[in-house]
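For reference, model_6.cif is printed below; it contains mmCIF, C-alpha atoms.
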```
data_structure
loop_
_atom_site.group_PDB
_atom_site.id
_atom_site.type_symbol
_atom_site.label_atom_id
_atom_site.label_comp_id
_atom_site.auth_asym_id
_atom_site.auth_seq_id
_atom_site.Cartn_x
_atom_site.Cartn_y
_atom_site.Cartn_z
ATOM 1 C CA MET T 5 -17.987 -132.996 46.520
ATOM 2 C CA SER T 6 -20.171 -135.625 48.165
ATOM 3 C CA LYS T 7 -23.689 -136.206 46.948
ATOM 4 C CA LYS T 8 -26.552 -134.728 48.919
ATOM 5 C CA THR T 9 -29.948 -136.341 49.458
ATOM 6 C CA LEU T 10 -33.042 -135.246 47.562
ATOM 7 C CA ILE T 11 -36.300 -136.591 48.964
ATOM 8 C CA ALA T 12 -39.236 -136.394 46.569
ATOM 9 C CA ILE T 13 -42.673 -136.900 48.102
ATOM 10 C CA GLU T 14 -44.918 -138.141 45.317
ATOM 11 C CA GLY T 15 -48.574 -139.086 44.993
ATOM 12 C CA PHE T 16 -52.149 -137.974 44.490
ATOM 13 C CA ASP T 17 -53.398 -134.475 45.146
ATOM 14 C CA ARG T 18 -54.625 -134.044 48.728
ATOM 15 C CA VAL T 19 -53.086 -137.304 49.957
ATOM 16 C CA GLY T 20 -50.970 -135.498 52.565
ATOM 17 C CA LYS T 21 -47.679 -134.754 50.802
ATOM 18 C CA ASP T 22 -47.401 -131.194 52.117
ATOM 19 C CA THR T 23 -48.498 -132.261 55.601
ATOM 20 C CA LEU T 24 -45.796 -134.923 55.638
ATOM 21 C CA ILE T 25 -43.185 -132.407 54.487
ATOM 22 C CA THR T 26 -44.279 -129.865 57.113
ATOM 23 C CA THR T 27 -44.150 -132.495 59.877
ATOM 24 C CA PHE T 28 -40.694 -133.597 58.738
ATOM 25 C CA LEU T 29 -39.376 -130.029 58.688
ATOM 26 C CA GLN T 30 -40.728 -129.393 62.204
ATOM 27 C CA LYS T 31 -38.805 -132.380 63.556
ATOM 28 C CA TYR T 32 -35.550 -132.064 61.594
ATOM 29 C CA SER T 33 -33.915 -128.671 61.231
ATOM 30 C CA ASN T 34 -31.093 -129.883 58.979
ATOM 31 C CA VAL T 35 -33.497 -130.328 56.053
ATOM 32 C CA LYS T 36 -34.239 -127.649 53.450
ATOM 33 C CA GLN T 37 -37.571 -127.563 51.613
ATOM 34 C CA TYR T 38 -37.743 -126.734 47.937
ATOM 35 C CA LYS T 39 -41.129 -125.401 46.847
ATOM 36 C CA GLN T 40 -41.806 -125.560 43.148
ATOM 37 C CA PRO T 41 -43.820 -122.864 41.414
ATOM 38 C CA THR T 42 -47.234 -124.242 40.460
ATOM 39 C CA SER T 43 -48.856 -124.415 37.041
ATOM 40 C CA GLU T 44 -51.953 -122.689 38.452
ATOM 41 C CA SER T 45 -49.917 -119.521 38.846
ATOM 42 C CA VAL T 46 -49.400 -119.386 35.062
ATOM 43 C CA GLY T 47 -52.939 -120.423 34.178
ATOM 44 C CA ILE T 48 -52.173 -123.605 32.210
ATOM 45 C CA SER T 49 -54.244 -126.763 32.665
ATOM 46 C CA TYR T 50 -52.305 -130.025 32.954
ATOM 47 C CA ARG T 51 -54.925 -131.605 30.687
ATOM 48 C CA ASP T 52 -53.886 -129.297 27.796
ATOM 49 C CA THR T 53 -51.086 -131.615 26.657
ATOM 50 C CA LYS T 54 -49.227 -129.403 24.168
ATOM 51 C CA GLN T 55 -49.270 -126.234 26.252
ATOM 52 C CA PHE T 56 -48.437 -128.102 29.422
ATOM 53 C CA GLU T 57 -45.451 -129.852 27.774
ATOM 54 C CA LEU T 58 -44.024 -126.460 26.785
ATOM 55 C CA TYR T 59 -44.599 -125.139 30.279
ATOM 56 C CA LEU T 60 -43.028 -128.227 31.889
ATOM 57 C CA TYR T 61 -39.818 -128.000 29.874
ATOM 58 C CA ASP T 62 -39.121 -124.494 31.183
ATOM 59 C CA HIS T 63 -40.479 -125.317 34.641
ATOM 60 C CA TYR T 64 -38.338 -128.427 35.117
ATOM 61 C CA THR T 65 -35.244 -126.705 33.774
ATOM 62 C CA GLN T 66 -35.735 -124.019 36.433
ATOM 63 C CA VAL T 67 -36.452 -126.624 39.141
ATOM 64 C CA ILE T 68 -33.320 -128.634 38.350
ATOM 65 C CA ASN T 69 -31.095 -125.559 38.310
ATOM 66 C CA GLU T 70 -32.520 -124.379 41.636
ATOM 67 C CA LEU T 71 -32.074 -127.847 43.170
ATOM 68 C CA ILE T 72 -28.441 -127.918 42.041
ATOM 69 C CA GLU T 73 -27.927 -124.544 43.733
ATOM 70 C CA LEU T 74 -29.515 -125.899 46.924
ATOM 71 C CA SER T 75 -27.106 -128.833 46.881
ATOM 72 C CA LYS T 76 -24.325 -126.346 47.628
ATOM 73 C CA THR T 77 -25.845 -125.347 50.970
ATOM 74 C CA SER T 78 -28.029 -128.260 52.126
ATOM 75 C CA ASP T 79 -27.265 -131.908 52.813
ATOM 76 C CA ILE T 80 -30.925 -132.946 52.644
ATOM 77 C CA VAL T 81 -33.551 -131.311 50.424
ATOM 78 C CA ILE T 82 -37.220 -132.307 50.441
ATOM 79 C CA THR T 83 -39.803 -131.425 47.819
ATOM 80 C CA SER T 84 -42.930 -132.799 46.207
ATOM 81 C CA ARG T 85 -43.465 -134.151 42.719
ATOM 82 C CA LEU T 86 -40.404 -134.923 40.640
ATOM 83 C CA PHE T 87 -39.452 -138.035 38.657
ATOM 84 C CA VAL T 88 -42.377 -140.270 39.592
ATOM 85 C CA SER T 89 -45.120 -137.669 39.226
ATOM 86 C CA ASP T 90 -43.895 -136.440 35.846
ATOM 87 C CA LYS T 91 -43.567 -140.013 34.537
ATOM 88 C CA THR T 92 -46.974 -140.989 35.903
ATOM 89 C CA TYR T 93 -48.906 -137.984 34.607
ATOM 90 C CA SER T 94 -47.063 -138.145 31.287
ATOM 91 C CA GLU T 95 -48.274 -141.696 30.818
ATOM 92 C CA LEU T 96 -51.787 -140.871 32.029
ATOM 93 C CA PHE T 97 -52.238 -137.870 29.727
ATOM 94 C CA GLY T 98 -50.112 -139.024 26.777
ATOM 95 C CA ARG T 99 -47.436 -136.353 26.992
ATOM 96 C CA LYS T 100 -43.645 -136.492 26.872
ATOM 97 C CA TYR T 101 -41.793 -137.489 30.054
ATOM 98 C CA GLN T 102 -39.421 -134.587 30.568
ATOM 99 C CA PHE T 103 -38.087 -134.493 34.119
ATOM 100 C CA GLY T 104 -35.861 -137.556 33.751
ATOM 101 C CA GLU T 105 -34.471 -136.346 30.432
ATOM 102 C CA LEU T 106 -33.711 -132.882 31.816
ATOM 103 C CA ALA T 107 -32.270 -134.322 35.042
ATOM 104 C CA GLU T 108 -29.852 -136.290 32.886
ATOM 105 C CA LYS T 109 -29.063 -133.301 30.671
ATOM 106 C CA TYR T 110 -28.195 -131.141 33.696
ATOM 107 C CA ASN T 111 -26.548 -133.983 35.684
ATOM 108 C CA LEU T 112 -28.893 -133.696 38.663
ATOM 109 C CA LEU T 113 -27.840 -137.129 39.903
ATOM 110 C CA LYS T 114 -24.237 -135.931 40.099
ATOM 111 C CA TYR T 115 -25.387 -133.743 42.996
ATOM 112 C CA PHE T 116 -28.054 -135.886 44.658
ATOM 113 C CA ASN T 117 -29.025 -139.354 45.692
ATOM 114 C CA VAL T 118 -32.790 -139.379 45.211
ATOM 115 C CA ILE T 119 -35.343 -141.031 47.454
ATOM 116 C CA SER T 120 -38.861 -141.208 46.033
ATOM 117 C CA TYR T 121 -41.638 -141.742 48.573
ATOM 118 C CA CYS T 122 -45.078 -142.108 47.043
ATOM 119 C CA MET T 123 -48.278 -141.682 49.040
ATOM 120 C CA LEU T 124 -51.301 -143.392 47.488
ATOM 121 C CA TRP T 125 -54.873 -143.708 48.622
ATOM 122 C CA ASN T 126 -55.737 -147.148 49.986
ATOM 123 C CA SER T 127 -58.942 -147.171 47.893
ATOM 124 C CA TYR T 128 -61.167 -145.026 45.694
ATOM 125 C CA ASP T 129 -63.575 -144.653 48.627
ATOM 126 C CA GLU T 130 -60.753 -143.179 50.757
ATOM 127 C CA TYR T 131 -60.024 -140.719 47.950
ATOM 128 C CA LEU T 132 -63.706 -139.724 47.718
ATOM 129 C CA LYS T 133 -63.916 -139.219 51.507
ATOM 130 C CA ARG T 134 -60.943 -136.866 51.377
ATOM 131 C CA VAL T 135 -61.865 -134.741 48.385
ATOM 132 C CA GLY T 136 -65.641 -134.657 48.777
ATOM 133 C CA ASN T 137 -68.182 -134.805 45.982
ATOM 134 C CA SER T 138 -67.532 -131.294 44.712
ATOM 135 C CA ASN T 139 -63.764 -131.756 44.194
ATOM 136 C CA ILE T 140 -63.594 -135.099 42.397
ATOM 137 C CA GLU T 141 -60.800 -134.774 39.862
ATOM 138 C CA TYR T 142 -60.535 -138.433 38.801
ATOM 139 C CA ASN T 143 -63.278 -140.942 38.124
ATOM 140 C CA LYS T 144 -62.817 -144.491 39.414
ATOM 141 C CA GLU T 145 -61.206 -145.730 36.191
ATOM 142 C CA GLU T 146 -58.682 -142.858 36.142
ATOM 143 C CA PHE T 147 -58.045 -143.344 39.848
ATOM 144 C CA ILE T 148 -57.177 -147.020 39.400
ATOM 145 C CA LYS T 149 -54.955 -146.266 36.419
ATOM 146 C CA LEU T 150 -53.233 -143.421 38.274
ATOM 147 C CA ASN T 151 -52.735 -145.557 41.393
ATOM 148 C CA ASP T 152 -51.219 -148.347 39.285
ATOM 149 C CA LEU T 153 -48.951 -145.932 37.376
ATOM 150 C CA PHE T 154 -47.721 -144.226 40.542
ATOM 151 C CA SER T 155 -46.956 -147.588 42.122
ATOM 152 C CA LYS T 156 -45.216 -148.999 39.037
ATOM 153 C CA ASN T 157 -43.149 -145.861 38.409
ATOM 154 C CA THR T 158 -42.144 -145.491 42.057
ATOM 155 C CA LEU T 159 -40.953 -149.074 42.272
ATOM 156 C CA ALA T 160 -39.151 -148.795 38.899
ATOM 157 C CA LEU T 161 -37.125 -145.945 40.400
ATOM 158 C CA ASN T 162 -36.370 -147.971 43.558
ATOM 159 C CA GLY T 163 -38.731 -145.785 45.543
ATOM 160 C CA TYR T 164 -41.158 -146.533 48.340
ATOM 161 C CA VAL T 165 -44.965 -146.714 48.262
ATOM 162 C CA ALA T 166 -47.199 -145.999 51.271
ATOM 163 C CA TYR T 167 -50.951 -146.596 51.133
ATOM 164 C CA ILE T 168 -52.878 -143.966 53.058
ATOM 165 C CA LYS T 169 -56.296 -144.065 54.749
ATOM 166 C CA ASN T 170 -58.188 -141.035 56.011
ATOM 167 C CA SER T 171 -58.179 -142.585 59.465
ATOM 168 C CA ASP T 172 -54.353 -142.599 59.529
ATOM 169 C CA SER T 173 -53.012 -139.874 61.775
ATOM 170 C CA ILE T 174 -50.349 -137.453 60.645
ATOM 171 C CA GLU T 175 -48.022 -139.172 63.105
ATOM 172 C CA THR T 176 -48.789 -142.620 61.635
ATOM 173 C CA ASN T 177 -47.953 -141.401 58.144
ATOM 174 C CA PHE T 178 -44.828 -139.689 59.407
ATOM 175 C CA GLU T 179 -43.631 -142.833 61.203
ATOM 176 C CA LYS T 180 -43.950 -144.886 57.980
ATOM 177 C CA PHE T 181 -41.771 -142.319 56.219
ATOM 178 C CA LYS T 182 -39.324 -141.985 59.103
ATOM 179 C CA LYS T 183 -38.603 -145.751 59.146
ATOM 180 C CA ILE T 184 -37.347 -145.558 55.567
ATOM 181 C CA LEU T 185 -35.083 -142.626 56.347
ATOM 182 C CA ILE T 186 -33.704 -144.398 59.423
ATOM 183 C CA ASN T 187 -32.948 -147.473 57.295
ATOM 184 C CA LYS T 188 -31.095 -145.205 54.852
ATOM 185 C CA ASP T 189 -29.104 -143.648 57.759
ATOM 186 C CA LEU T 190 -30.443 -140.189 56.962
ATOM 187 C CA ILE T 191 -31.880 -139.402 60.398
#
```
As a first step, turn the structure in this file into structure tokens.
Amino acid sequence: MSKKTLIAIEGFDRVGKDTLITTFLQKYSNVKQYKQPTSESVGISYRDTKQFELYLYDHYTQVINELIELSKTSDIVITSRLFVSDKTYSELFGRKYQFGELAEKYNLLKYFNVISYCMLWNSYDEYLKRVGNSNIEYNKEEFIKLNDLFSKNTLALNGYVAYIKNSDSIETNFEKFKKILINKDLI
């Protein structure tokens, strides 16, 4: 069995991950999207470290098993938030990094070559423009720390970082992503 490709789109909330995935799926029909269940649907806050760790263990076990099943029918699978996001938020909130450990336990990398593509805001001002004053989730200090962690963790996993501005068009962001996939001979 040859390995399939798992593309993980990582990064801040509201940076355009889902838009990038949607654009990619519209242009390439040989790609399957995997949508993870969200923590909001079970009513657990990611800032409640102990409860969220328990939730994540079960969640990631389910995600990995479902991804392995998808590897049987799809050559390319795209999703958001996997290795990099779990590592980054684990470090930010002082909780255990679980996705990597579970991926190893269930041999996820036996089935997939993983490409991590992380979308980060170009600046705190760009983030504020996007989310508006009423939806600010991270103060400037948290933003800088989160940006640095995402970048460090993406590069540590041989991933790719793209800095996003609000003025960037969907097509501009897609073209940045597409160049990487072309270089990897995926499209």
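We find atom CA of Ser78 of chain T and atom CA of Lys31 of chain T to be spaced 16.2 Å apart.
Minimum atom-to-atom distance to Arg51 of chain T, evaluated using all atoms listed in the file, belongs to T:Ser94 out of T:Thr65, T:Ser94, T:Ser173, T:Asn162.
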Exercise. Could you give me, as a ChimeraX atom specification, the residues within 12 Å of Leu58 of chain T, counting only C-alpha atoms and dropping anything in the same chain fewer than 3 positions from it?
Key: /T:43,48-50,52-55,61-65,99-102
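If all atoms listed in the file are the atoms counted, then among T:Ile68, T:Leu24, T:Ala160, T:Ile13 the closest residue to Ile174 of chain T is T:Leu24.
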Exercise. Have a look at T:Ile80, T:Ser6, T:Lys21, T:Leu60 and name the one nearest to Ile191 of chain T; count only C-alpha atoms.
Key: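 Ranking T:Ile80, T:Ser6, T:Lys21, T:Leu60 by distance to Ile191 of chain T, first place goes to T:Ile80.
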Quiz item: atom CA of Asn69 of chain T to atom CA of Gly20 of chain T: how many Å, to one decimal?
Solution: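 Distance between the two atoms: 26.4 Å.
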Quiz item: Between T:Leu112, T:Ile82, T:Ile25, T:Ile168, which is the closest to Tyr128 of chain T once you count only C-alpha atoms?
Solution: T:Ile168
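Using only C-alpha atoms, the nearest neighbour of Gln40 of chain T within the list T:Ser84, T:Asn157, T:Thr23, T:Ser138 is T:Ser84.
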Exercise. Can you work out the spacing between atom CA of Phe97 of chain T and atom CA of Ile148 of chain T in Å, to one decimal?
Key: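 Atom CA of Ile148 of chain T lies at a distance of 14.2 Å from atom CA of Phe97 of chain T.
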Practice problem: Would you mind listing what lies within 12 Å of Leu74 of chain T as a PyMOL selection string, with only C-alpha atoms counted and same-chain residues fewer than 2 positions away left out? | Solution: chain T and resi 7-10+35-39+67-72+76-83+112+115-116
What would the file look like if the residues just selected were written as a compact mmCIF listing (two decimals), in the frame of the given file with C-alpha atoms?
```
# COMPACT_ATOMS: atom_id res chain seq x y z
CA LYS T 7 -23.69 -136.21 46.95
CA LYS T 8 -26.55 -134.73 48.92
CA THR T 9 -29.95 -136.34 49.46
CA LEU T 10 -33.04 -135.25 47.56
CA VAL T 35 -33.50 -130.33 56.05
CA LYS T 36 -34.24 -127.65 53.45
CA GLN T 37 -37.57 -127.56 51.61
CA TYR T 38 -37.74 -126.73 47.94
CA LYS T 39 -41.13 -125.40 46.85
CA VAL T 67 -36.45 -126.62 39.14
CA ILE T 68 -33.32 -128.63 38.35
CA ASN T 69 -31.10 -125.56 38.31
CA GLU T 70 -32.52 -124.38 41.64
CA LEU T 71 -32.07 -127.85 43.17
CA ILE T 72 -28.44 -127.92 42.04
CA LYS T 76 -24.32 -126.35 47.63
CA THR T 77 -25.84 -125.35 50.97
CA SER T 78 -28.03 -128.26 52.13
CA ASP T 79 -27.26 -131.91 52.81
CA ILE T 80 -30.92 -132.95 52.64
CA VAL T 81 -33.55 -131.31 50.42
CA ILE T 82 -37.22 -132.31 50.44
CA THR T 83 -39.80 -131.43 47.82
CA LEU T 112 -28.89 -133.70 38.66
CA TYR T 115 -25.39 -133.74 43.00
CA PHE T 116 -28.05 -135.89 44.66
```
Quiz item: Residues at most 10 Å from Val88 of chain T, counting all atoms listed in the file, excluding those fewer than 6 positions away in the same chain, as a VMD selection string?
Solution: chain T and resid 12 to 15 94 101 103 to 104 120 to 122 153 to 161 163
Quick one: residues within 9 Å of Leu96 of chain T, only C-alpha atoms, excluding same-chain residues fewer than 5 positions away - as a short mmCIF file (atom, residue, chain, number, x, y, z; two decimals) with C-alpha atoms, in the coordinates of the input?
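See selection26.cif below for the written result:
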```cif
data_model
loop_
_atom_site.label_atom_id
_atom_site.label_comp_id
_atom_site.auth_asym_id
_atom_site.auth_seq_id
_atom_site.Cartn_x
_atom_site.Cartn_y
_atom_site.Cartn_z
CA LYS T 91 -43.57 -140.01 34.54
CA GLU T 146 -58.68 -142.86 36.14
CA LYS T 149 -54.96 -146.27 36.42
CA LEU T 150 -53.23 -143.42 38.27
CA LEU T 153 -48.95 -145.93 37.38
#
```
Output as lines of an AutoDock Vina configuration file the centre and edge lengths (Å, one decimal) of the box along x, y and z of the file that holds every listed atom of segment 123-140 of chain T after adding 4 Å on each side.
```
center_x = -58.2
center_y = -139.2
center_z = 47.0
size_x = 27.9
size_y = 23.9
size_z = 17.1
```
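Proximity ranking of T:Ala107, T:Asn34, T:Phe28, T:Ser75 relative to Phe181 of chain T places T:Phe28 first, based on only C-alpha atoms.
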Quiz prompt | Lys133 of chain T environment, 12 Å, all atoms listed in the file, sequence neighbours closer than 4 positions dropped, as a PyMOL selection string | solution = chain T and resi 18-19+125-129+137-140+169-171
